[in-house]
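Novice: This is the structure I have questions about; it appears just below.
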Amino acid sequence: MKSWHIRDIILVTILAIFMGVIFWIINPVYTILAAALAPFGLQPLANEIVLGIWVMAGPLAGFIIRIPGSATLGEFLGAAVEMFLGGIWGASTLISGAVQGLGAEIGFAATGYKRYNWVSLSISCLTTAIVTFTWDLFRSGYSAYHFGFLVMLFAVRCLSIFLFGGVLTKLITNLLARAHVLPNVSGK
């Protein structure tokens with residue numbers, strides 16, 4: 001198993017800063033979307049739609065760096081950047097970042113940190129969706145919603161996480177590999 005080197009620490013930090021700024025930029029999009037959906041009783045759907053962006057640092061760091069702990073660290077540091085930029089959830093962003101990163105990490109751990117392909121990335125997206133949804137059942141009061149609404153929220157969450165944490169992560173990784181920024185990663 002690969003171990004941490006200074007290059008890896010610098011890379012996860014750069015990814016986290018980049019993603020943290022994106023997380024912070026998405027906050028007003030979430031607020032506007034939530035306000036637009038609220039009159040229809042669909043305000044929680046705003047979180048599900050943008051969540052794929054907010055959890056993207058975990059799968060991206062894990063898939064690029066390929067070292068145990070990189071998904072958790074990438075997501076947590078991205079959350080820290082968002083918080084320090086004045087994110088709307090303040091310090092609780094750190095807890096969310098840790099939960100989201102752990103969700104992504106479980107997916108890569110399921111393959112023993114040995115395979116980095118569509119399967120492992122998809123597993124990471126699925127575990128991220130499951131872990132974060134379970135967290136929201138308690139933290140955000142999702143347990144009060146009826147079953148049909150929960151199914152819809154979870155389906156939208158899975159789609160959002162797969163599109164951003166899966167498809168976009170794979171595209172970014174391929175572009176970085178083709179640009180020879182990631183010498184140990186195939187750009188296929």
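Here's how to read the names in the structure tokens: chain A, B, ... by the order shown, residue numbers from 1 in each chain, ligand numbers from 1 in the order shown.
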List the neighbours of region 132-138 of chain A out to 9 Å using only C-alpha atoms; skip same-chain residues closer than 6 positions along the sequence, and give me the result as a list in words.

Specialist: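 Within the cut-off, the hits are Ser96, Val99, Gln100, Gly103, Ala144, Leu153, Phe154 and Arg157 of chain A.
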
Novice: Excluding same-chain residues fewer than 3 positions from region 39-56 of chain A, what lies within 8 Å of it counting only C-alpha atoms, as a PyMOL selection string?

Specialist: chain A and resi 19+23+26+30+33-36+59-60+75+97+100-101+128+153-154+156-157+159-165+169

Novice: Could you list, as a CSV table (one decimal) with all heavy atoms, in the first residue's frame, every residue within 9 Å of Tyr113 (chain A), counting only C-alpha atoms and ignoring same-chain residues fewer than 6 positions away?

Specialist:
chain,number,residue,atom,x,y,z
A,1,MET,N,0.8,-1.2,0.0
A,1,MET,CA,0.0,0.0,0.0
A,1,MET,C,0.9,1.2,0.0
A,1,MET,O,1.9,1.3,0.7
A,1,MET,CB,-0.9,0.0,1.2
A,1,MET,CG,-2.2,0.7,1.0
A,1,MET,SD,-3.4,0.6,2.3
A,1,MET,CE,-3.6,-1.1,2.5
A,66,ARG,N,-5.0,8.2,-4.0
A,66,ARG,CA,-4.9,6.7,-3.9
A,66,ARG,C,-4.2,6.2,-2.7
A,66,ARG,O,-3.4,5.2,-2.8
A,66,ARG,CB,-4.4,6.1,-5.2
A,66,ARG,CG,-5.3,6.5,-6.4
A,66,ARG,CD,-4.8,6.0,-7.7
A,66,ARG,NE,-5.8,6.4,-8.7
A,66,ARG,CZ,-5.9,5.9,-9.9
A,66,ARG,NH1,-5.1,4.9,-10.3
A,66,ARG,NH2,-6.8,6.3,-10.7
A,67,ILE,N,-4.3,6.9,-1.6
A,67,ILE,CA,-3.7,6.5,-0.3
A,67,ILE,C,-4.8,6.4,0.7
A,67,ILE,O,-5.7,7.3,0.8
A,67,ILE,CB,-2.6,7.5,0.1
A,67,ILE,CG1,-1.5,7.6,-0.9
A,67,ILE,CG2,-2.1,7.2,1.5
A,67,ILE,CD1,-0.5,8.7,-0.6
A,68,PRO,N,-4.8,5.4,1.6
A,68,PRO,CA,-5.8,5.4,2.7
A,68,PRO,C,-5.9,6.7,3.5
A,68,PRO,O,-4.8,7.2,3.9
A,68,PRO,CB,-5.4,4.2,3.6
A,68,PRO,CG,-4.6,3.3,2.6
A,68,PRO,CD,-3.9,4.3,1.7
A,120,SER,N,-14.8,1.1,-8.3
A,120,SER,CA,-14.4,1.6,-7.0
A,120,SER,C,-14.9,3.0,-6.8
A,120,SER,O,-15.4,3.4,-5.7
A,120,SER,CB,-12.9,1.6,-6.8
A,120,SER,OG,-12.2,2.4,-7.7

Novice: Compile the contact shell of Leu182 (chain A) as a ChimeraX atom specification: residues with an atom at most 9 Å away, counting only C-alpha atoms, same-chain residues fewer than 6 positions apart removed.

Specialist: /A:64-65,173,176

Novice: Looking at only C-alpha atoms, which of A:Gly62, A:Gly112, A:Gly87, A:Gly69 is the one that sits closest to Ile22 (chain A)?

Specialist: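 Nearest to Ile22 (chain A): A:Gly87.
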
Novice: Give me, as a VMD selection string, the residues of chain A that a backbone DSSP run labels helix (DSSP H, G or I).

Specialist: chain A and resid 6 to 40 43 to 54 57 to 65 70 to 84 92 to 110 118 to 139 142 to 144 147 to 178

Novice: List the neighbours of Thr127 (chain A) out to 8 Å using only C-alpha atoms; skip same-chain residues closer than 5 positions along the sequence, and give me the result as a list in words.

Specialist: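 Near Thr127 (chain A), the qualifying residues are Gly103, Ala104, Ile106 and Gly107 of chain A.
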
Novice: Nearest to Phe76 (chain A) among A:Leu126, A:Val185, A:Met152, A:Val12, with distances taken over only C-alpha atoms: which residue is it?

Specialist: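 Closest to Phe76 (chain A), using only C-alpha atoms: A:Val12.
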
Novice: Which residue is closest to Trp89 (chain A)? Choose from A:Val29, A:His146, A:Ala57, A:Trp24 and count only C-alpha atoms.

Specialist: A:Trp24

Novice: Just checking: using only C-alpha atoms, which residue out of A:Ser124, A:Asn117, A:Ser140, A:Ser92 ends up closest to Gly58 (chain A)?

Specialist: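 Closest residue, counting only C-alpha atoms: A:Ser124.
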
Novice: What is the CA of Leu15 (chain A) to CA of Leu94 (chain A) distance in Å?

Specialist: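 Computed distance, CA of Leu15 (chain A) to CA of Leu94 (chain A), equals 16.5 Å.
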
Novice: From the set A:Ala91, A:Leu102, A:Leu168, A:Val181, which residue has the shortest atom-to-atom contact distance to Leu11 (chain A), counting only C-alpha atoms?

Specialist: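 Using only C-alpha atoms, Leu11 (chain A) sits closest to A:Val181.
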
Novice: Would you mind listing what lies within 6 Å of Ala16 (chain A) as a PDB file with C-alpha atoms, in the first residue's frame, with only C-alpha atoms counted and same-chain residues fewer than 3 positions away left out?

Specialist:
ATOM      1  CA  VAL A  12      -4.554  16.942  -1.203  1.00  0.00           C
ATOM      2  CA  THR A  13      -4.173  20.481   0.156  1.00  0.00           C
ATOM      3  CA  MET A  19     -12.938  22.388  -3.740  1.00  0.00           C
ATOM      4  CA  GLY A  20     -13.473  24.487  -0.585  1.00  0.00           C
ATOM      5  CA  GLY A  74      -9.587  15.921   1.193  1.00  0.00           C
ATOM      6  CA  LEU A  77      -9.909  20.129   4.484  1.00  0.00           C
ATOM      7  CA  GLY A  78     -12.303  21.307   1.763  1.00  0.00           C
TER       8      GLY A  78
END
